[in-house]
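Visitor: Below is input_21.cif; it holds mmCIF, C-alpha atoms.
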data_coords
loop_
_atom_site.group_PDB
_atom_site.id
_atom_site.type_symbol
_atom_site.label_atom_id
_atom_site.label_comp_id
_atom_site.auth_asym_id
_atom_site.auth_seq_id
_atom_site.Cartn_x
_atom_site.Cartn_y
_atom_site.Cartn_z
ATOM 1 C CA MET A 1127 116.434 190.338 89.745
ATOM 2 C CA SER A 1128 119.814 189.197 88.447
ATOM 3 C CA THR A 1129 120.318 189.315 84.689
ATOM 4 C CA LYS A 1130 123.145 186.793 84.878
ATOM 5 C CA PRO A 1131 122.536 183.218 83.762
ATOM 6 C CA GLY A 1132 121.584 180.852 86.565
ATOM 7 C CA ILE A 1133 124.774 178.831 86.143
ATOM 8 C CA ALA A 1134 126.963 181.926 86.534
ATOM 9 C CA THR A 1135 125.074 182.962 89.650
ATOM 10 C CA ARG A 1136 125.648 179.563 91.246
ATOM 11 C CA VAL A 1137 129.358 179.806 90.434
ATOM 12 C CA ASP A 1138 129.488 183.203 92.157
ATOM 13 C CA GLU A 1139 127.752 181.801 95.232
ATOM 14 C CA PHE A 1140 130.151 178.860 95.415
ATOM 15 C CA LEU A 1141 133.211 181.101 95.165
ATOM 16 C CA SER A 1142 131.830 183.285 97.961
ATOM 17 C CA ALA A 1143 131.297 180.189 100.097
ATOM 18 C CA LEU A 1144 134.920 179.149 99.531
ATOM 19 C CA VAL A 1145 136.070 182.494 100.896
ATOM 20 C CA ASN A 1146 133.611 183.006 103.747
ATOM 21 C CA GLU A 1147 132.956 179.459 104.924
ATOM 22 C CA ARG A 1148 136.072 177.491 104.082
ATOM 23 C CA GLY A 1149 138.694 180.224 104.284
ATOM 24 C CA ALA A 1150 140.225 179.090 100.993
ATOM 25 C CA SER A 1151 143.441 180.749 99.851
ATOM 26 C CA ALA A 1152 143.548 183.293 97.031
ATOM 27 C CA HIS A 1153 145.366 180.733 94.881
ATOM 28 C CA THR A 1154 142.577 178.172 95.422
ATOM 29 C CA ILE A 1155 139.884 180.741 94.620
ATOM 30 C CA ARG A 1156 141.599 181.710 91.365
ATOM 31 C CA ALA A 1157 141.945 178.068 90.323
ATOM 32 C CA TYR A 1158 138.270 177.242 91.011
ATOM 33 C CA GLU A 1159 137.083 180.424 89.347
ATOM 34 C CA ARG A 1160 139.093 179.751 86.197
ATOM 35 C CA GLU A 1161 137.838 176.177 85.822
ATOM 36 C CA LEU A 1162 134.199 176.910 86.646
ATOM 37 C CA ARG A 1163 133.969 180.042 84.487
ATOM 38 C CA ASN A 1164 135.299 178.043 81.547
ATOM 39 C CA PHE A 1165 132.764 175.276 82.162
ATOM 40 C CA ALA A 1166 129.929 177.792 82.517
ATOM 41 C CA THR A 1167 130.949 179.413 79.223
ATOM 42 C CA TYR A 1168 130.892 176.004 77.541
ATOM 43 C CA MET A 1169 127.422 175.192 78.905
ATOM 44 C CA VAL A 1170 125.962 178.560 77.895
ATOM 45 C CA ALA A 1171 127.428 178.182 74.404
ATOM 46 C CA ASN A 1172 125.861 174.732 74.043
ATOM 47 C CA ARG A 1173 122.584 175.100 75.976
ATOM 48 C CA GLY A 1174 121.911 178.827 76.044
ATOM 49 C CA VAL A 1175 122.033 181.456 78.760
ATOM 50 C CA SER A 1176 118.970 180.043 80.519
ATOM 51 C CA VAL A 1177 120.608 176.702 81.304
ATOM 52 C CA ALA A 1178 119.947 175.667 84.912
ATOM 53 C CA VAL A 1179 122.409 173.716 87.044
ATOM 54 C CA GLY A 1180 119.752 171.117 87.803
ATOM 55 C CA LYS A 1181 119.510 170.266 84.099
ATOM 56 C CA ILE A 1182 123.205 169.526 83.604
ATOM 57 C CA GLU A 1183 123.917 165.837 83.020
ATOM 58 C CA HIS A 1184 127.082 163.771 83.154
ATOM 59 C CA GLN A 1185 127.140 163.403 79.350
ATOM 60 C CA GLN A 1186 127.594 167.159 79.030
ATOM 61 C CA ILE A 1187 130.459 167.135 81.502
ATOM 62 C CA ARG A 1188 132.109 164.363 79.471
ATOM 63 C CA GLY A 1189 131.551 166.492 76.383
ATOM 64 C CA TYR A 1190 133.338 169.377 78.072
ATOM 65 C CA LEU A 1191 136.334 167.169 78.896
ATOM 66 C CA SER A 1192 136.392 166.011 75.265
ATOM 67 C CA GLU A 1193 136.514 169.634 74.179
ATOM 68 C CA LEU A 1194 139.449 170.269 76.522
ATOM 69 C CA TYR A 1195 141.308 167.357 74.931
ATOM 70 C CA GLY A 1196 140.428 168.793 71.529
ATOM 71 C CA ARG A 1197 142.101 172.054 72.515
ATOM 72 C CA GLY A 1198 145.266 170.117 73.250
ATOM 73 C CA LEU A 1199 145.027 170.205 77.038
ATOM 74 C CA SER A 1200 146.707 167.420 78.992
ATOM 75 C CA LYS A 1201 145.017 164.763 81.094
ATOM 76 C CA ALA A 1202 146.259 166.578 84.194
ATOM 77 C CA SER A 1203 144.496 169.779 83.083
ATOM 78 C CA ALA A 1204 141.283 167.874 82.373
ATOM 79 C CA ALA A 1205 141.512 166.174 85.777
ATOM 80 C CA ARG A 1206 141.861 169.567 87.492
ATOM 81 C CA ALA A 1207 138.808 170.870 85.645
ATOM 82 C CA LEU A 1208 136.769 167.797 86.611
ATOM 83 C CA ALA A 1209 137.842 168.070 90.260
ATOM 84 C CA ALA A 1210 136.604 171.676 90.370
ATOM 85 C CA ILE A 1211 133.293 170.746 88.734
ATOM 86 C CA ARG A 1212 132.815 167.860 91.179
ATOM 87 C CA SER A 1213 133.422 170.102 94.179
ATOM 88 C CA TRP A 1214 130.989 172.657 92.804
ATOM 89 C CA PHE A 1215 128.225 170.090 92.251
ATOM 90 C CA LYS A 1216 128.839 168.580 95.692
ATOM 91 C CA TRP A 1217 128.223 172.025 97.161
ATOM 92 C CA LEU A 1218 125.156 172.518 94.929
ATOM 93 C CA ALA A 1219 123.718 169.210 96.180
ATOM 94 C CA ARG A 1220 124.248 170.193 99.819
ATOM 95 C CA ARG A 1221 122.425 173.461 99.154
ATOM 96 C CA GLY A 1222 119.562 171.656 97.447
ATOM 97 C CA TYR A 1223 120.156 173.247 94.054
ATOM 98 C CA VAL A 1224 120.597 169.818 92.408
ATOM 99 C CA GLU A 1225 119.350 166.367 93.359
ATOM 100 C CA GLN A 1226 122.617 164.561 92.674
ATOM 101 C CA ASN A 1227 126.174 165.185 91.548
ATOM 102 C CA PRO A 1228 126.395 164.324 87.830
ATOM 103 C CA ALA A 1229 130.172 164.842 87.879
ATOM 104 C CA SER A 1230 130.516 161.818 90.180
ATOM 105 C CA LEU A 1231 129.516 159.654 87.213
ATOM 106 C CA VAL A 1232 132.443 160.937 85.137
ATOM 107 C CA ALA A 1233 135.660 158.950 85.475
ATOM 108 C CA THR A 1234 138.815 160.855 86.344
ATOM 109 C CA PRO A 1235 141.417 160.732 83.557
ATOM 110 C CA LYS A 1236 144.149 158.251 84.436
ATOM 111 C CA LEU A 1237 147.362 160.111 85.065
ATOM 112 C CA PRO A 1238 150.909 158.741 84.988
ATOM 113 C CA LYS A 1239 152.370 158.635 88.489
ATOM 114 C CA HIS A 1240 155.192 161.137 88.580
ATOM 115 C CA LEU A 1241 156.831 161.336 91.972
ATOM 116 C CA PRO A 1242 158.423 164.694 92.713
ATOM 117 C CA ARG A 1243 162.181 164.772 92.436
ATOM 118 C CA VAL A 1244 163.538 165.400 95.889
ATOM 119 C CA PRO A 1245 167.102 166.603 96.519
ATOM 120 C CA THR A 1246 169.271 164.510 98.785
ATOM 121 C CA ILE A 1247 170.054 165.567 102.339
ATOM 122 C CA GLU A 1248 173.565 166.517 101.226
ATOM 123 C CA GLN A 1249 172.233 168.648 98.366
ATOM 124 C CA MET A 1250 169.777 170.449 100.625
ATOM 125 C CA ASN A 1251 172.399 171.150 103.276
ATOM 126 C CA ARG A 1252 174.710 172.553 100.614
ATOM 127 C CA VAL A 1253 172.030 174.866 99.216
ATOM 128 C CA VAL A 1254 170.722 176.057 102.585
ATOM 129 C CA ASP A 1255 174.234 176.691 103.914
ATOM 130 C CA ALA A 1256 175.041 178.708 100.785
ATOM 131 C CA SER A 1257 171.670 180.456 100.528
ATOM 132 C CA GLU A 1258 173.198 183.831 101.437
ATOM 133 C CA ASP A 1259 175.578 183.773 98.466
ATOM 134 C CA GLY A 1260 174.402 186.245 95.835
ATOM 135 C CA ALA A 1261 171.115 186.856 97.651
ATOM 136 C CA ALA A 1262 169.324 190.188 97.384
ATOM 137 C CA TRP A 1263 168.944 190.234 101.172
ATOM 138 C CA PRO A 1264 171.216 187.483 102.542
ATOM 139 C CA ALA A 1265 169.859 187.297 106.099
ATOM 140 C CA ARG A 1266 166.228 187.262 104.988
ATOM 141 C CA ASP A 1267 166.779 184.753 102.188
ATOM 142 C CA ARG A 1268 168.650 182.433 104.566
ATOM 143 C CA ALA A 1269 165.639 182.619 106.898
ATOM 144 C CA ILE A 1270 163.338 181.710 103.984
ATOM 145 C CA PHE A 1271 165.309 178.537 103.231
ATOM 146 C CA GLU A 1272 165.589 177.555 106.887
ATOM 147 C CA LEU A 1273 161.836 177.934 107.418
ATOM 148 C CA LEU A 1274 160.785 176.153 104.224
ATOM 149 C CA TYR A 1275 163.162 173.221 104.615
ATOM 150 C CA GLY A 1276 163.646 173.259 108.384
ATOM 151 C CA CYS A 1277 159.930 173.532 109.213
ATOM 152 C CA GLY A 1278 158.318 172.031 106.114
ATOM 153 C CA ILE A 1279 155.738 174.788 105.756
ATOM 154 C CA ARG A 1280 153.955 175.780 102.552
ATOM 155 C CA ASN A 1281 154.901 178.895 100.600
ATOM 156 C CA ALA A 1282 151.556 180.560 101.425
ATOM 157 C CA GLU A 1283 152.000 179.675 105.098
ATOM 158 C CA LEU A 1284 155.473 181.192 105.045
ATOM 159 C CA VAL A 1285 154.464 184.576 103.646
ATOM 160 C CA GLY A 1286 151.464 184.649 105.984
ATOM 161 C CA LEU A 1287 153.648 184.482 109.098
ATOM 162 C CA ASN A 1288 153.575 187.476 111.419
ATOM 163 C CA LEU A 1289 156.101 188.451 114.062
ATOM 164 C CA ARG A 1290 153.803 187.320 116.877
ATOM 165 C CA ASP A 1291 153.623 183.831 115.333
ATOM 166 C CA ILE A 1292 157.199 183.120 116.436
ATOM 167 C CA HIS A 1293 156.861 181.686 119.946
ATOM 168 C CA TRP A 1294 160.416 181.867 121.217
ATOM 169 C CA ALA A 1295 159.634 180.521 124.683
ATOM 170 C CA ASN A 1296 158.118 177.344 123.246
ATOM 171 C CA GLU A 1297 160.581 177.136 120.351
ATOM 172 C CA ALA A 1298 157.682 176.870 117.920
ATOM 173 C CA ILE A 1299 155.924 178.680 115.081
ATOM 174 C CA LEU A 1300 152.172 179.150 114.806
ATOM 175 C CA VAL A 1301 151.288 178.265 111.215
ATOM 176 C CA ARG A 1302 147.943 178.946 109.540
ATOM 177 C CA GLY A 1303 147.315 176.261 106.971
ATOM 178 C CA LYS A 1304 144.583 175.475 104.490
ATOM 179 C CA GLY A 1305 141.061 176.250 105.631
ATOM 180 C CA ARG A 1306 142.440 178.523 108.367
ATOM 181 C CA LYS A 1307 143.554 175.503 110.361
ATOM 182 C CA GLU A 1308 146.315 176.328 112.818
ATOM 183 C CA ARG A 1309 149.186 174.119 113.944
ATOM 184 C CA HIS A 1310 152.397 174.598 115.891
ATOM 185 C CA VAL A 1311 155.629 173.580 114.169
ATOM 186 C CA PRO A 1312 158.916 173.206 116.073
ATOM 187 C CA LEU A 1313 161.463 175.939 115.420
ATOM 188 C CA GLY A 1314 164.804 174.234 114.997
ATOM 189 C CA ASP A 1315 168.098 175.722 116.123
ATOM 190 C CA ALA A 1316 169.244 176.577 112.601
ATOM 191 C CA ALA A 1317 165.959 178.329 111.738
ATOM 192 C CA ALA A 1318 166.018 180.196 115.061
ATOM 193 C CA MET A 1319 169.563 181.409 114.416
ATOM 194 C CA ALA A 1320 168.606 182.569 110.927
ATOM 195 C CA LEU A 1321 165.626 184.504 112.286
ATOM 196 C CA ARG A 1322 167.697 186.141 115.034
ATOM 197 C CA ALA A 1323 170.159 187.325 112.403
ATOM 198 C CA TYR A 1324 167.400 188.618 110.124
ATOM 199 C CA LEU A 1325 165.080 190.384 112.574
ATOM 200 C CA PRO A 1326 167.402 193.294 113.524
ATOM 201 C CA GLU A 1327 167.958 194.035 109.817
ATOM 202 C CA ARG A 1328 164.220 193.887 109.221
ATOM 203 C CA ALA A 1329 163.593 196.395 112.016
ATOM 204 C CA ALA A 1330 166.294 198.729 110.690
ATOM 205 C CA LYS A 1331 164.896 198.684 107.136
ATOM 206 C CA LEU A 1332 161.351 199.373 108.321
ATOM 207 C CA GLU A 1333 162.550 202.215 110.517
ATOM 208 C CA ALA A 1334 164.565 203.751 107.679
ATOM 209 C CA ALA A 1335 161.511 203.551 105.409
ATOM 210 C CA LYS A 1336 159.292 204.993 108.178
ATOM 211 C CA LYS A 1337 156.960 202.005 107.909
ATOM 212 C CA SER A 1338 155.521 199.376 110.189
ATOM 213 C CA SER A 1339 154.441 195.855 109.365
ATOM 214 C CA ASP A 1340 153.124 192.783 111.111
ATOM 215 C CA ALA A 1341 154.663 190.575 108.395
ATOM 216 C CA LEU A 1342 157.639 188.458 109.349
ATOM 217 C CA LEU A 1343 159.106 188.509 105.841
ATOM 218 C CA VAL A 1344 159.254 191.879 104.123
ATOM 219 C CA ASN A 1345 160.492 193.187 100.797
ATOM 220 C CA VAL A 1346 163.922 194.590 100.112
ATOM 221 C CA ARG A 1347 162.429 197.710 98.560
ATOM 222 C CA LEU A 1348 160.363 199.220 101.311
ATOM 223 C CA THR A 1349 160.330 202.676 99.722
ATOM 224 C CA THR A 1350 158.316 201.755 96.618
ATOM 225 C CA PRO A 1351 156.689 204.904 95.172
ATOM 226 C CA ALA A 1352 152.971 205.272 95.755
ATOM 227 C CA ARG A 1353 150.775 203.861 93.024
ATOM 228 C CA LYS A 1354 149.092 206.371 90.746
ATOM 229 C CA ASN A 1355 145.589 205.257 91.671
ATOM 230 C CA ARG A 1356 146.152 205.541 95.418
ATOM 231 C CA ALA A 1357 144.346 208.445 97.050
ATOM 232 C CA PRO A 1358 146.628 211.050 98.658
ATOM 233 C CA GLY A 1359 147.485 210.159 102.227
ATOM 234 C CA THR A 1360 146.457 206.515 101.901
ATOM 235 C CA PRO A 1361 148.963 204.370 103.836
ATOM 236 C CA GLU A 1362 151.047 201.759 102.045
ATOM 237 C CA ARG A 1363 150.532 199.068 104.696
ATOM 238 C CA GLY A 1364 150.476 195.588 103.223
ATOM 239 C CA GLU A 1365 152.800 196.302 100.297
ATOM 240 C CA GLU A 1366 155.878 195.446 102.339
ATOM 241 C CA ARG A 1367 154.849 191.793 102.888
ATOM 242 C CA LEU A 1368 156.742 189.361 100.678
ATOM 243 C CA THR A 1369 154.565 187.487 98.155
ATOM 244 C CA THR A 1370 154.538 183.789 97.263
ATOM 245 C CA ARG A 1371 155.691 184.696 93.771
ATOM 246 C CA SER A 1372 158.701 186.546 95.165
ATOM 247 C CA VAL A 1373 159.585 183.608 97.404
ATOM 248 C CA GLY A 1374 159.376 181.308 94.387
ATOM 249 C CA ARG A 1375 161.825 183.468 92.449
ATOM 250 C CA ILE A 1376 164.223 183.666 95.400
ATOM 251 C CA VAL A 1377 164.202 179.906 95.956
ATOM 252 C CA LYS A 1378 164.658 179.068 92.265
ATOM 253 C CA ARG A 1379 167.478 181.567 91.741
ATOM 254 C CA ILE A 1380 169.517 180.458 94.753
ATOM 255 C CA ALA A 1381 168.784 176.730 94.445
ATOM 256 C CA THR A 1382 169.666 176.475 90.753
ATOM 257 C CA ALA A 1383 172.825 178.511 91.320
ATOM 258 C CA HIS A 1384 173.956 175.764 93.706
ATOM 259 C CA GLY A 1385 173.230 172.731 91.605
ATOM 260 C CA LEU A 1386 169.539 171.912 92.029
ATOM 261 C CA PRO A 1387 167.426 171.273 88.889
ATOM 262 C CA ALA A 1388 165.587 174.092 87.146
ATOM 263 C CA ASP A 1389 162.151 172.833 88.217
ATOM 264 C CA VAL A 1390 162.872 173.488 91.897
ATOM 265 C CA HIS A 1391 160.299 175.586 93.769
ATOM 266 C CA PRO A 1392 159.332 176.237 97.421
ATOM 267 C CA HIS A 1393 157.222 173.056 97.557
ATOM 268 C CA THR A 1394 160.347 171.080 96.639
ATOM 269 C CA LEU A 1395 161.774 172.083 100.013
ATOM 270 C CA ARG A 1396 158.579 170.928 101.747
ATOM 271 C CA HIS A 1397 158.789 167.560 99.983
ATOM 272 C CA ALA A 1398 162.435 167.313 101.009
ATOM 273 C CA PHE A 1399 161.488 168.025 104.637
ATOM 274 C CA GLY A 1400 158.979 165.155 104.737
ATOM 275 C CA THR A 1401 161.096 162.730 102.751
ATOM 276 C CA HIS A 1402 164.275 163.283 104.739
ATOM 277 C CA MET A 1403 162.463 162.960 108.072
ATOM 278 C CA LEU A 1404 161.021 159.655 106.906
ATOM 279 C CA GLU A 1405 164.426 158.455 105.747
ATOM 280 C CA GLU A 1406 165.864 159.305 109.134
ATOM 281 C CA GLY A 1407 163.216 157.229 110.925
ATOM 282 C CA ALA A 1408 160.452 159.697 111.793
ATOM 283 C CA ASP A 1409 156.957 158.319 112.409
ATOM 284 C CA LEU A 1410 154.570 158.865 109.502
ATOM 285 C CA ARG A 1411 151.849 160.309 111.735
ATOM 286 C CA ALA A 1412 154.299 162.779 113.256
ATOM 287 C CA ILE A 1413 155.222 163.923 109.753
ATOM 288 C CA GLN A 1414 151.516 164.246 108.958
ATOM 289 C CA GLU A 1415 151.081 166.546 111.944
ATOM 290 C CA LEU A 1416 154.101 168.656 111.065
ATOM 291 C CA LEU A 1417 153.074 169.063 107.434
ATOM 292 C CA GLY A 1418 149.463 169.804 108.310
ATOM 293 C CA HIS A 1419 148.030 167.056 106.094
ATOM 294 C CA GLU A 1420 144.366 166.331 106.747
ATOM 295 C CA ARG A 1421 144.690 162.743 105.505
ATOM 296 C CA LEU A 1422 147.432 160.256 106.265
ATOM 297 C CA SER A 1423 147.188 159.054 102.653
ATOM 298 C CA THR A 1424 148.620 162.393 101.540
ATOM 299 C CA THR A 1425 151.609 161.923 103.823
ATOM 300 C CA GLN A 1426 152.029 158.328 102.648
ATOM 301 C CA ARG A 1427 153.119 159.643 99.273
ATOM 302 C CA TYR A 1428 156.470 160.262 100.903
ATOM 303 C CA THR A 1429 156.911 156.545 101.492
ATOM 304 C CA GLN A 1430 156.979 156.077 97.718
ATOM 305 C CA LEU A 1431 159.892 158.471 97.504
ATOM 306 C CA THR A 1432 162.103 156.175 99.573
ATOM 307 C CA VAL A 1433 161.417 152.919 97.745
ATOM 308 C CA GLY A 1434 164.624 153.337 95.778
ATOM 309 C CA GLN A 1435 166.613 153.721 98.957
ATOM 310 C CA VAL A 1436 165.022 150.597 100.458
ATOM 311 C CA ALA A 1437 165.819 148.600 97.316
ATOM 312 C CA GLU A 1438 169.412 149.766 97.454
ATOM 313 C CA VAL A 1439 169.742 148.652 101.084
ATOM 314 C CA TYR A 1440 168.213 145.270 100.223
ATOM 315 C CA ASP A 1441 170.573 144.732 97.303
ATOM 316 C CA ARG A 1442 173.554 145.643 99.454
ATOM 317 C CA THR A 1443 172.709 143.652 102.573
ATOM 318 C CA HIS A 1444 170.416 140.689 101.923
ATOM 319 C CA PRO A 1445 172.302 137.439 101.223
ATOM 320 C CA ARG A 1446 169.777 136.281 98.617
ATOM 321 C CA ALA A 1447 170.134 139.546 96.692
ATOM 322 C CA LYS A 1448 173.814 138.939 95.949
#
Will you turn the file into structure tokens for me?
Guide:
Amino acid sequence: MSTKPGIATRVDEFLSALVNERGASAHTIRAYERELRNFATYMVANRGVSVAVGKIEHQQIRGYLSELYGRGLSKASAARALAAIRSWFKWLARRGYVEQNPASLVATPKLPKHLPRVPTIEQMNRVVDASEDGAAWPARDRAIFELLYGCGIRNAELVGLNLRDIHWANEAILVRGKGRKERHVPLGDAAAMALRAYLPERAAKLEAAKKSSDALLVNVRLTTPARKNRAPGTPERGEERLTTRSVGRIVKRIATAHGLPADVHPHTLRHAFGTHMLEEGADLRAIQELLGHERLSTTQRYTQLTVGQVAEVYDRTHPRAK
């Protein structure tokens, strides 16, 4: 019999379900675990270790949000915590552990609408064309920029790409998105050229390091010394794959060096992909398919990014605006 409190056990079960049933990413798992562990700690501190999930009421969830505000957390942080708690209770209800979702009775904190700052087409072309300047591995880093901006894929999707996912004959890339959903994204000429320049260097580095890897994007340092806790003879497979954190550093360093703001990150390039396609006349549903959005409403956010451009055109061309 488990000695853990009932609430902690249900959190563990939910996290396992996210991995095994939904195929959630490591980043998603960490985020849910952080929020739910904090909530469980709060409930145990206020109701005791024997608190059962079926006894939790919406007033207690509101009390938890009030405590978060008292710690100085922002509305955005409180909204993230509430979203995690709602998802957890929704799962608990489906499993029959609770009769209803008390978190659904708690209003989401109203957040100011901050649209992401998206570089112009000219700015993005300048950065991508200069992405090899000062790069640790110029050919690889150029390929990173071409894939992120040219294909609009997520950072996690990028580092998860394997060699076999590049379908040269179809001029497409097989991308594994959220929830293990797969989609094919067109491989543009510029991205294809960048990959063809990078792949021979990749093969040479792996051969020199006497390693093999399925990963498309690999590290510069392929000869990293073995970790102290690794058993003798254990292969180092997996360590050569580039991480999302490394991609973030590469993108920020190169982008800021060529004039983009300091808050730029890989998702900025994805936003730019969607926004610029929309500005150039692409159909919203086609953009939805390319970006791998489950809901069209998510893609419609990009329409808000072009309102300023539409207003400018109106002011310049409509006779009643002059």
Visitor: Restricting the calculation to all atoms listed in the file, which member of A:Gly1196, A:Ala1317, A:Glu1366, A:Asn1227 is positioned closest to A:Gly1278?
Guide: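 Ranking A:Gly1196, A:Ala1317, A:Glu1366, A:Asn1227 by distance to A:Gly1278, first place goes to A:Ala1317.
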Visitor: With distances taken over all atoms listed in the file, which of A:Pro1392, A:Gly1132, A:Gly1400, A:Gly1286 is nearest to A:Gly1303?
Guide: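 Checking each candidate against A:Gly1303, we get A:Gly1286 as the closest.
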Visitor: Run the PyMOL selection byres ((chain A and resi 1201-1204) around 12) against the file shown and list the residues it catches, as a ChimeraX atom specification.
Guide: /A:1157,1160-1161,1164-1165,1187-1200,1205-1211,1232-1240
Visitor: Considering all atoms listed in the file, state which residue in the set A:Gly1418, A:Gly1305, A:Pro1387, A:Pro1312 is at the smallest distance from A:Gly1149.
Guide: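 Under the stated criterion, the closest residue is A:Gly1305.
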Visitor: Counting all atoms listed in the file, which of A:Asp1291, A:Glu1139, A:Glu1183, A:Asp1409 gets nearest to A:Leu1162?
Guide: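 Looking only at the distances to A:Leu1162, the closest residue turns out to be A:Glu1139.
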